[in-house]
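Printed here is protein.txt (compact mmCIF, C-alpha atoms):
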```txt
# COMPACT_ATOMS: atom_id res chain seq x y z
CA MET A 21 7.51 -15.27 48.69
CA SER A 22 4.97 -17.97 49.51
CA LYS A 23 5.89 -21.63 49.66
CA ILE A 24 5.32 -23.37 46.41
CA GLU A 25 4.88 -27.07 46.31
CA GLU A 26 6.02 -29.23 43.45
CA ASP A 27 2.43 -29.56 42.28
CA GLU A 28 2.18 -25.83 41.98
CA ILE A 29 5.29 -25.69 39.79
CA ARG A 30 3.88 -28.49 37.70
CA ARG A 31 0.56 -26.71 37.35
CA ARG A 32 2.18 -23.49 36.22
CA LEU A 33 4.41 -25.26 33.71
CA LYS A 34 1.37 -27.04 32.31
CA ILE A 35 -0.44 -23.74 31.84
CA LEU A 36 2.62 -22.32 30.12
CA SER A 37 2.84 -25.28 27.77
CA GLN A 38 -0.80 -24.82 26.80
CA ILE A 39 -0.44 -21.21 25.73
CA GLU A 40 -0.90 -20.93 21.97
CA PRO A 41 -0.79 -17.80 19.85
CA THR A 42 -3.77 -17.17 17.60
CA ALA A 43 -3.50 -18.41 14.04
CA GLU A 44 -3.81 -14.84 12.84
CA ALA A 45 -0.91 -13.66 15.00
CA SER A 46 1.24 -16.58 13.89
CA HIS A 47 0.48 -15.92 10.23
CA ARG A 48 1.17 -12.21 10.67
CA ALA A 49 4.51 -12.87 12.36
CA THR A 50 5.56 -15.30 9.62
CA GLU A 51 4.62 -12.91 6.83
CA ARG A 52 6.41 -10.08 8.56
CA VAL A 53 9.59 -12.15 8.80
CA ARG A 54 9.23 -13.12 5.16
CA ASP A 55 8.98 -9.46 4.13
CA THR A 56 11.93 -8.55 6.33
CA LEU A 57 14.07 -11.29 4.82
CA ALA A 58 13.17 -10.14 1.30
CA ASN A 59 14.07 -6.53 2.16
CA THR A 60 17.31 -7.61 3.82
CA GLU A 61 18.31 -9.46 0.68
CA LYS A 62 17.56 -6.44 -1.48
CA ARG A 63 19.62 -4.18 0.79
CA ARG A 64 22.43 -6.70 0.77
CA VAL A 65 22.48 -6.82 -3.05
CA SER A 66 22.54 -3.02 -3.20
CA THR A 67 25.41 -2.87 -0.69
CA ARG A 68 27.32 -5.51 -2.65
CA ILE A 69 26.95 -3.49 -5.85
CA TRP A 70 28.23 -0.33 -4.16
CA ARG A 71 31.07 -2.24 -2.58
CA ALA A 72 32.00 -3.68 -5.97
CA ILE A 73 31.91 -0.22 -7.54
CA ILE A 74 34.15 1.19 -4.79
CA LYS A 75 36.59 -1.68 -5.14
CA MET A 76 36.91 -1.19 -8.91
CA PRO A 77 40.34 0.28 -9.96
CA ILE A 78 38.65 2.87 -12.18
CA THR A 79 36.84 4.27 -9.14
CA LYS A 80 40.13 4.79 -7.38
CA LEU A 81 41.54 6.45 -10.51
CA ALA A 82 38.48 8.71 -10.76
CA ALA A 83 38.79 9.68 -7.09
CA ALA A 84 42.49 10.45 -7.58
CA ALA A 85 41.67 12.54 -10.66
CA VAL A 86 39.03 14.51 -8.77
CA LEU A 87 41.50 15.16 -5.95
CA LEU A 88 44.16 16.29 -8.41
CA ILE A 89 41.75 18.61 -10.22
CA ALA A 90 40.61 20.08 -6.91
CA ALA A 91 44.21 20.59 -5.79
CA GLY A 92 45.12 22.21 -9.12
CA TYR A 93 42.11 24.52 -8.98
CA THR A 94 42.95 25.59 -5.43
CA ALA A 95 46.57 26.16 -6.30
CA GLY A 96 45.56 28.17 -9.38
CA ARG A 97 43.24 30.30 -7.33
CA LEU A 98 45.84 30.96 -4.70
CA SER A 99 48.65 31.73 -7.14
CA ALA A 100 46.63 33.95 -9.51
CA PRO A 101 47.41 37.76 -9.46
CA THR A 102 44.90 40.05 -7.78
CA PRO A 103 42.58 41.53 -10.45
CA ASP A 104 41.96 45.27 -10.97
CA MET A 105 38.66 45.60 -9.14
CA LYS A 106 37.62 48.91 -10.76
CA GLN A 107 38.23 47.63 -14.24
CA LEU A 108 36.53 44.37 -13.34
CA ARG A 109 33.51 46.18 -11.91
CA SER A 110 33.30 48.44 -14.98
CA ASP A 111 33.53 45.42 -17.30
CA ILE A 112 30.92 43.55 -15.35
CA TYR A 113 28.65 46.62 -15.31
CA GLN A 114 29.05 47.08 -19.05
CA SER A 115 28.46 43.42 -19.68
CA VAL A 116 25.40 43.34 -17.47
CA LEU A 117 24.05 46.52 -19.09
CA GLU A 118 24.47 45.08 -22.57
CA GLN A 119 22.87 41.89 -21.50
CA VAL A 120 19.94 43.76 -19.93
CA ASN A 121 19.50 45.84 -23.10
CA ARG A 122 19.59 42.76 -25.24
CA ASP A 123 17.09 41.06 -23.01
CA ARG A 124 14.81 44.09 -22.98
CA GLN A 125 14.96 44.40 -26.77
CA SER A 126 14.25 40.77 -27.15
CA ALA A 127 11.39 40.97 -24.66
CA LEU A 128 9.89 43.98 -26.47
CA THR A 129 10.12 42.22 -29.82
CA ASN A 130 8.46 39.21 -28.36
CA ILE A 131 5.71 41.31 -26.81
CA ARG A 132 5.13 43.11 -30.12
CA LEU A 133 4.90 39.86 -32.00
CA GLU A 134 2.54 38.45 -29.42
CA LEU A 135 0.34 41.56 -29.59
CA LYS A 136 0.27 41.38 -33.38
CA ASP A 137 -0.75 37.79 -33.27
CA GLU A 138 -3.41 38.51 -30.72
CA LEU A 139 -4.82 41.42 -32.77
CA ASN A 140 -4.87 39.30 -35.92
CA GLN A 141 -6.67 36.56 -34.13
CA GLU A 142 -9.14 39.03 -32.62
CA LEU A 143 -9.86 40.61 -36.01
CA ARG A 144 -10.33 37.23 -37.63
CA ARG A 145 -12.69 36.21 -34.87
CA ASP A 146 -14.74 39.43 -35.26
CA LEU A 147 -14.94 39.04 -39.06
CA ASN A 148 -16.08 35.48 -38.74
CA GLU A 149 -18.71 36.49 -36.23
CA PHE A 150 -19.90 39.36 -38.46
CA GLY A 151 -20.12 37.04 -41.48
CA VAL A 152 -22.12 34.57 -39.51
CA ARG A 153 -24.52 37.27 -38.34
CA ILE A 154 -24.97 38.65 -41.91
CA LEU A 155 -25.63 35.19 -43.25
CA ALA A 156 -28.21 34.61 -40.56
CA ALA A 157 -29.90 37.98 -41.22
CA SER A 158 -29.99 37.44 -45.01
CA ALA A 159 -31.41 34.00 -44.56
CA THR A 160 -34.19 35.43 -42.39
CA LEU A 161 -34.94 38.18 -44.94
CA THR A 162 -35.04 35.72 -47.85
CA GLU A 163 -37.37 33.53 -45.91
CA GLN A 164 -39.73 36.47 -45.28
CA ARG A 165 -39.70 37.39 -48.97
CA ILE A 166 -40.52 33.85 -50.00
CA ILE A 167 -43.38 33.74 -47.49
CA GLU A 168 -44.77 37.01 -48.90
CA LEU A 169 -44.47 35.70 -52.46
CA ILE A 170 -46.26 32.52 -51.54
CA GLU A 171 -49.03 34.54 -49.92
CA LEU A 172 -49.40 36.70 -53.07
CA ILE A 173 -49.56 33.63 -55.29
CA GLU A 174 -52.16 32.06 -53.05
CA ALA A 175 -54.28 35.28 -53.13
CA ALA A 176 -54.06 35.46 -56.96
CA ARG A 177 -55.07 31.80 -57.26
CA ALA A 178 -58.08 32.39 -54.96
CA ARG A 179 -59.18 35.39 -57.03
CA ASP A 180 -58.86 33.35 -60.27
CA ARG A 181 -60.93 30.59 -58.77
CA GLN A 182 -63.66 33.09 -57.85
CA LEU A 183 -63.71 34.55 -61.40
CA VAL A 184 -63.92 31.09 -62.96
CA ALA A 185 -66.80 30.20 -60.63
CA ALA A 186 -68.67 33.42 -61.59
CA ALA A 187 -68.15 32.70 -65.30
CA LEU A 188 -69.44 29.16 -64.89
CA GLU A 189 -72.49 30.44 -63.07
CA LYS A 190 -73.17 32.92 -65.91
CA ILE A 191 -72.83 30.15 -68.49
CA GLU A 192 -75.32 28.05 -66.56
CA PHE A 193 -77.74 30.99 -66.38
CA ASP A 194 -77.37 31.67 -70.12
CA LYS A 195 -77.93 27.99 -70.84
CA SER A 196 -81.20 27.98 -68.92
CA GLN A 197 -82.36 31.21 -70.68
CA LEU A 198 -81.53 29.69 -74.04
CA GLY A 199 -83.56 26.60 -73.21
CA LYS A 200 -86.53 28.69 -72.19
CA GLY A 201 -86.24 30.76 -75.43
CA LEU A 202 -86.15 27.63 -77.57
CA VAL A 203 -89.23 26.24 -75.81
CA ALA A 204 -91.08 29.51 -76.45
CA LEU A 205 -89.99 29.47 -80.10
CA ALA A 206 -91.21 25.94 -80.52
CA ALA A 207 -94.59 26.87 -79.05
CA LYS A 208 -95.00 29.84 -81.40
CA THR A 209 -94.04 27.69 -84.37
CA SER A 210 -96.75 25.12 -83.55
CA GLU A 211 -99.35 27.81 -83.18
CA LEU A 212 -98.50 29.15 -86.63
CA HIS A 213 -98.84 25.72 -88.22
CA VAL A 214 -102.25 25.26 -86.66
CA LYS A 215 -103.62 28.61 -88.02
CA LYS A 216 -102.36 28.24 -91.67
CA PRO A 217 -104.86 25.48 -92.93
CA ASP A 218 -107.75 27.63 -92.10
CA MET B 24 24.01 -15.70 0.48
CA ARG B 25 20.99 -16.59 -1.65
CA ASN B 26 21.35 -20.17 -0.48
CA ARG B 27 21.15 -18.99 3.12
CA GLN B 28 18.10 -16.88 2.28
CA ARG B 29 16.42 -19.91 0.76
CA LYS B 30 17.29 -22.04 3.78
CA LEU B 31 15.96 -19.39 6.15
CA LEU B 32 12.70 -19.27 4.23
CA GLN B 33 12.50 -23.06 4.45
CA LEU B 34 13.14 -22.83 8.18
CA LEU B 35 10.42 -20.20 8.45
CA ASP B 36 7.93 -22.41 6.61
CA LYS B 37 8.87 -25.47 8.64
CA SER B 38 9.40 -24.10 12.13
CA GLY B 39 8.07 -20.54 12.03
CA ALA B 40 4.79 -21.38 13.76
CA SER B 41 6.45 -23.44 16.52
CA LEU B 42 9.10 -20.76 17.10
CA HIS B 43 6.40 -18.13 17.35
CA ALA B 44 4.46 -20.29 19.80
CA LEU B 45 7.61 -20.81 21.88
CA LEU B 46 8.28 -17.07 21.95
CA THR B 47 4.66 -16.40 22.93
CA ARG B 48 4.91 -18.87 25.81
CA LEU B 49 8.17 -17.39 27.04
CA THR B 50 7.10 -13.74 26.74
CA LEU B 51 3.37 -14.18 27.40
CA ARG B 52 2.77 -11.47 24.80
CA GLN B 53 1.93 -11.99 21.15
CA ASP B 54 3.15 -8.59 20.04
CA ILE B 55 6.53 -9.09 21.67
CA ALA B 56 6.70 -12.60 20.23
CA GLU B 57 6.18 -11.12 16.78
CA GLU B 58 8.94 -8.58 17.34
CA LEU B 59 11.34 -11.20 18.69
CA MET B 60 10.53 -13.52 15.81
CA GLN B 61 11.57 -10.84 13.37
CA GLU B 62 14.70 -10.09 15.40
CA LEU B 63 15.53 -13.79 15.49
CA PHE B 64 15.46 -14.18 11.72
CA ILE B 65 17.42 -10.97 11.18
CA LYS B 66 20.07 -12.30 13.56
CA LEU B 67 20.11 -15.62 11.76
CA SER B 68 20.38 -13.84 8.43
CA ASN B 69 23.35 -11.80 9.62
CA SER B 70 25.02 -14.60 11.58
CA ARG B 71 28.45 -15.41 10.13
CA GLY B 72 28.73 -18.90 11.53
CA LEU B 73 25.30 -20.06 10.43
CA ASP B 74 26.60 -21.87 7.38
CA LYS B 75 28.64 -24.14 9.62
CA VAL B 76 25.61 -25.07 11.72
CA ALA B 77 24.34 -28.57 11.04
CA ASN B 78 20.92 -28.31 12.69
CA TRP B 79 19.29 -25.00 11.87
CA ASP B 80 16.11 -25.85 13.78
CA ALA B 81 17.99 -26.41 17.03
CA TYR B 82 20.11 -23.34 16.47
CA ALA B 83 17.04 -21.18 15.81
CA ARG B 84 15.25 -22.58 18.87
CA ARG B 85 18.22 -21.90 21.10
CA ALA B 86 18.50 -18.38 19.73
CA ALA B 87 14.75 -17.85 20.28
CA ILE B 88 14.98 -19.01 23.91
CA ASN B 89 17.94 -16.71 24.52
CA LEU B 90 16.16 -13.79 22.90
CA ALA B 91 13.02 -14.35 24.93
CA PHE B 92 14.87 -14.55 28.25
CA ASP B 93 17.02 -11.56 27.33
CA TRP B 94 13.82 -9.65 26.73
CA ARG B 95 12.47 -10.85 30.12
CA ARG B 96 15.61 -9.62 31.83
CA SER B 97 15.27 -6.22 30.17
CA GLN B 98 11.69 -5.93 31.43
CA LYS B 99 11.52 -5.47 35.15
CA ARG B 100 7.80 -4.94 35.52
CA THR B 101 5.58 -4.58 32.49
CA PRO B 102 1.81 -4.81 32.11
CA LEU B 103 0.98 -8.19 30.63
CA ALA B 104 -1.88 -9.46 28.55
CA LEU B 105 -2.28 -13.17 28.87
CA ASN B 106 -5.41 -14.28 27.12
CA GLN B 107 -4.18 -17.28 25.21
CA VAL B 108 -4.45 -19.89 27.95
CA HIS B 109 -6.64 -22.72 26.68
CA GLU B 110 -7.24 -24.32 30.05
CA PRO B 111 -7.64 -21.80 32.85
CA ALA B 112 -6.14 -22.58 36.23
CA SER B 113 -9.57 -22.28 37.81
CA ASN B 114 -13.11 -21.81 36.71
CA ASP B 115 -12.95 -18.26 37.89
CA SER B 116 -12.10 -16.20 34.78
CA SER B 117 -12.34 -12.84 36.46
CA PRO B 118 -9.71 -10.18 35.67
CA LEU B 119 -8.28 -10.63 39.16
CA SER B 120 -7.73 -14.36 38.71
CA LYS B 121 -6.19 -13.73 35.28
CA LEU B 122 -3.86 -11.18 36.80
CA ILE B 123 -2.87 -13.60 39.55
CA GLN B 124 -2.28 -16.35 37.02
CA THR B 125 -0.19 -14.03 34.84
CA GLU B 126 1.91 -13.06 37.82
CA GLU B 127 2.42 -16.71 38.71
CA LEU B 128 3.57 -17.49 35.17
CA GLU B 129 5.81 -14.44 35.18
CA GLU B 130 7.34 -15.65 38.41
CA ILE B 131 8.18 -19.08 37.09
CA LEU B 132 9.47 -17.74 33.76
CA ASN B 133 11.73 -15.28 35.57
CA ALA B 134 13.03 -18.15 37.68
CA ILE B 135 13.75 -20.19 34.53
CA GLY B 136 15.47 -17.12 33.08
CA GLN B 137 18.01 -17.22 35.92
CA VAL B 138 19.35 -20.49 34.54
CA ASN B 139 21.58 -20.35 31.46
CA GLY B 140 22.76 -22.63 28.71
CA ALA B 141 21.85 -26.24 28.14
CA PRO B 142 19.88 -26.80 31.38
CA ARG B 143 17.49 -23.99 30.52
CA GLU B 144 17.13 -25.14 26.92
CA ALA B 145 16.47 -28.70 27.96
CA PHE B 146 13.97 -27.60 30.60
CA VAL B 147 12.09 -25.36 28.18
CA MET B 148 11.94 -28.11 25.59
CA ARG B 149 10.78 -30.62 28.16
CA TYR B 150 8.23 -28.68 30.19
CA ILE B 151 7.15 -25.80 27.99
CA GLN B 152 7.44 -27.42 24.58
CA GLN B 153 6.37 -30.79 26.04
CA GLN B 154 8.94 -32.82 24.10
CA SER B 155 10.09 -36.25 25.16
CA THR B 156 13.52 -36.73 26.73
CA ASP B 157 14.57 -38.92 23.81
CA ASP B 158 13.73 -36.18 21.28
CA ILE B 159 15.49 -33.56 23.36
CA ALA B 160 18.53 -35.78 23.76
CA GLU B 161 18.69 -36.30 20.02
CA GLN B 162 18.38 -32.58 19.29
CA LEU B 163 20.89 -31.50 21.93
CA GLY B 164 23.34 -34.29 21.15
CA LYS B 165 23.11 -35.78 24.65
CA THR B 166 21.82 -38.95 26.21
CA PRO B 167 18.30 -39.09 27.71
CA HIS B 168 19.89 -39.55 31.10
CA GLN B 169 21.87 -36.34 30.69
CA VAL B 170 18.72 -34.51 29.61
CA ARG B 171 16.88 -35.70 32.72
CA ALA B 172 19.79 -34.54 34.84
CA LEU B 173 19.73 -31.10 33.22
CA CYS B 174 15.99 -30.79 33.76
CA SER B 175 16.35 -31.91 37.32
CA LYS B 176 19.02 -29.31 37.95
CA THR B 177 16.77 -26.56 36.63
CA LEU B 178 13.84 -27.87 38.61
CA ASN B 179 15.86 -27.76 41.79
CA HIS B 180 16.78 -24.21 40.98
CA LEU B 181 13.09 -23.35 40.54
CA ARG B 182 12.29 -24.90 43.91
CA ASP B 183 15.06 -22.89 45.51
CA VAL B 184 13.90 -19.65 43.94
CA LEU B 185 10.15 -20.10 44.30
CA ALA B 186 10.11 -21.89 47.67
CA PRO B 187 13.15 -20.78 49.64
CA GLY B 188 13.78 -22.66 52.87
CA GLN B 189 11.91 -25.74 51.75
CA SER B 190 14.04 -28.90 51.66
CA GLN B 191 14.26 -30.47 48.24
CA SER B 192 14.82 -33.93 46.98
CA PRO B 193 17.66 -33.38 44.49
CA GLY B 194 17.81 -35.09 41.16
CA LYS B 195 14.17 -36.05 40.91
CA GLU B 196 12.54 -34.95 37.71
CA LEU B 197 8.85 -34.43 37.09
CA TYR B 198 7.57 -37.31 35.04
CA ASP B 199 4.02 -36.34 34.33
CA VAL B 200 4.83 -34.36 31.21
CA GLU B 201 2.78 -35.25 28.18
CA ASN B 202 4.53 -37.26 25.40
```

Can I see the file as structure tokens?
Amino acid sequence: MSKIEEDEIRRRLKILSQIEPTAEASHRATERVRDTLANTEKRRVSTRIWRAIIKMPITKLAAAAVLLIAAGYTAGRLSAPTPDMKQLRSDIYQSVLEQVNRDRQSALTNIRLELKDELNQELRRDLNEFGVRILAASATLTEQRIIELIELIEAARARDRQLVAAALEKIEFDKSQLGKGLVALAAKTSELHVKKPD
Amino acid sequence: MRNRQRKLLQLLDKSGASLHALLTRLTLRQDIAEELMQELFIKLSNSRGLDKVANWDAYARRAAINLAFDWRRSQKRTPLALNQVHEPASNDSSPLSKLIQTEELEEILNAIGQVNGAPREAFVMRYIQQQSTDDIAEQLGKTPHQVRALCSKTLNHLRDVLAPGQSQSPGKELYDVEN
């Protein structure tokens, strides 16, 4: 190691004393400690609760009861007579068979009911659709009939108008003929009056 | 327990920044300082005798110094990232000079780490935290003269470790510390 003078030690210590963490790092470290302290407190409270529960007399009684029940069950199992396996198997088989039959019957009934419901719904849907189509078709037909009727009425009105116009023209013609006739009559009458004094 | 939690939070608000700065100076790494800071407060939170402690600040500082030097002892050679020096040792800020400077600081910190107890604490407070001998004496419950003696003892140790073979003038403390 190289020789280090007192000044060198002093210089290094001065550099060390001037080292500062960034404000961000300092803030982050403080917040991290704060979070850790909060979590530690929560864990401590939880541990205290469990400890209190374990220390309660009723917990000890419950544990003793569980142990007794377990011991009794084990003793019962060990002291029980050996069952007739054939009979047991037959009983179990019968029981399982009955259960399977019941389940199958129940499943079939359910399926039948579901199918019935589905068919009913399908039929209702088809009827509704058919009704809607018929209504639409009848509405279209009615509309066509009305259009035809309107066209007929319009044609009849046009024909009437033409007839009225022809009649008016004839009246006008007759009026002019009548006027001419009257003028001729008046002329003849004057001629007759002129000839009579002679 | 809630009272302790409240006091620890008060300590964090009051001295958290200075403790973090101290840990950064002693480890030369911000990430490690953050880790040690968390470890420090967990230790304080779990400490059984903390309620009997009169000066929590001093207790926390001592614990922080111990933690930092324990960490230094556990690290034989680790890559360091020192980029928080405000005043560089020279105008040359090349990576090589930074590396040399880091190694120099490592060397002196390792030498301080060889000292234990009150001399190390007093020395750190005096030369790294730049506190006055009167303040240190008050915090450590000693006289200023005793503090100077402790610092001098540590300084002699540093001379022995860093400059072996060189004759020393025992008992003379450095007096050019700020404050």

Compile a residue-level contact table for chain A against chain B at a cut-off of 8 Å, reporting for every qualifying residue the shortest atom pair and its distance in Å to one decimal, with all atoms listed in the file counted, rows ordered by chain and ascending number, as a Markdown table.
```
| residue | atom | partner | partner_atom | distance |
| --- | --- | --- | --- | --- |
| A:Met21 | CA | B:Leu185 | CA | 7.0 |
| A:Ser22 | CA | B:Ala186 | CA | 6.7 |
| A:Lys23 | CA | B:Ala186 | CA | 4.7 |
| A:Ile24 | CA | B:Ala186 | CA | 5.2 |
| A:Glu25 | CA | B:Ala186 | CA | 7.5 |
| A:Glu26 | CA | B:Arg182 | CA | 7.6 |
| A:Ile29 | CA | B:Ile131 | CA | 7.7 |
| A:Arg30 | CA | B:Leu197 | CA | 7.8 |
| A:Arg31 | CA | B:Ala112 | CA | 7.9 |
| A:Arg32 | CA | B:Leu128 | CA | 6.2 |
| A:Leu33 | CA | B:Tyr150 | CA | 6.2 |
| A:Lys34 | CA | B:Ile151 | CA | 7.3 |
| A:Ile35 | CA | B:Val108 | CA | 6.8 |
| A:Leu36 | CA | B:Arg48 | CA | 6.0 |
| A:Ser37 | CA | B:Ile151 | CA | 4.3 |
| A:Gln38 | CA | B:His109 | CA | 6.2 |
| A:Ile39 | CA | B:Val108 | CA | 4.8 |
| A:Glu40 | CA | B:Ala44 | CA | 5.8 |
| A:Pro41 | CA | B:Ala44 | CA | 5.8 |
| A:Thr42 | CA | B:Gln107 | CA | 7.6 |
| A:Ala45 | CA | B:Gln53 | CA | 7.0 |
| A:Ser46 | CA | B:Ala40 | CA | 6.0 |
| A:His47 | CA | B:Ala40 | CA | 7.8 |
| A:Arg48 | CA | B:Glu57 | CA | 8.0 |
| A:Ala49 | CA | B:Glu57 | CA | 5.0 |
| A:Thr50 | CA | B:Gly39 | CA | 6.3 |
| A:Arg52 | CA | B:Gln61 | CA | 7.1 |
| A:Val53 | CA | B:Gln61 | CA | 5.1 |
| A:Arg54 | CA | B:Leu32 | CA | 7.1 |
| A:Thr56 | CA | B:Gln61 | CA | 7.4 |
| A:Leu57 | CA | B:Ile65 | CA | 7.2 |
| A:Glu61 | CA | B:Gln28 | CA | 7.6 |
```

#### Entry: Contacts of Phe92 (chain B) at 9 Å (all atoms listed in the file; same-chain gap of 2+ positions) as a PyMOL selection string
chain B and resi 49-50+87-90+94-97+132-133+135-137

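Going from CA of Ser155 (chain B) to CA of Gly140 (chain B) covers 18.9 Å.
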
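CA of Ile191 (chain A) lies 20.7 Å from CA of Leu205 (chain A).
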
### Task
State, in Å with one decimal place, the distance from CA of Glu126 (chain B) to CA of Glu28 (chain A).
13.4 Å

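Nearest-residue note for Ala91 (chain B): choosing from B:Leu119, B:Asn179, B:Ile55, B:Trp79, the minimum distance belongs to B:Ile55, counting all atoms listed in the file.
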
### Contact residues around region 83-87 of chain A with only C-alpha atoms at 10 Å, ignoring same-chain residues under 6 positions, as a list of chain:residue names
A:Ile74, A:Pro77, A:Tyr93

Written file, previous selection with C-alpha atoms, as a CSV table (one decimal), in the coordinates of the input:
```csv
chain,number,residue,atom,x,y,z
A,74,ILE,CA,34.2,1.2,-4.8
A,77,PRO,CA,40.3,0.3,-10.0
A,93,TYR,CA,42.1,24.5,-9.0
```

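Excluding Pro142 (chain B) itself and same-chain residues fewer than 3 positions from it, the residues having an atom within 9 Å of it are Val138, Asn139, Ala145, Phe146, Val147, Val170, Ala172, Leu173, Cys174, Ser175, Lys176 and Thr177 of chain B, counting only C-alpha atoms.
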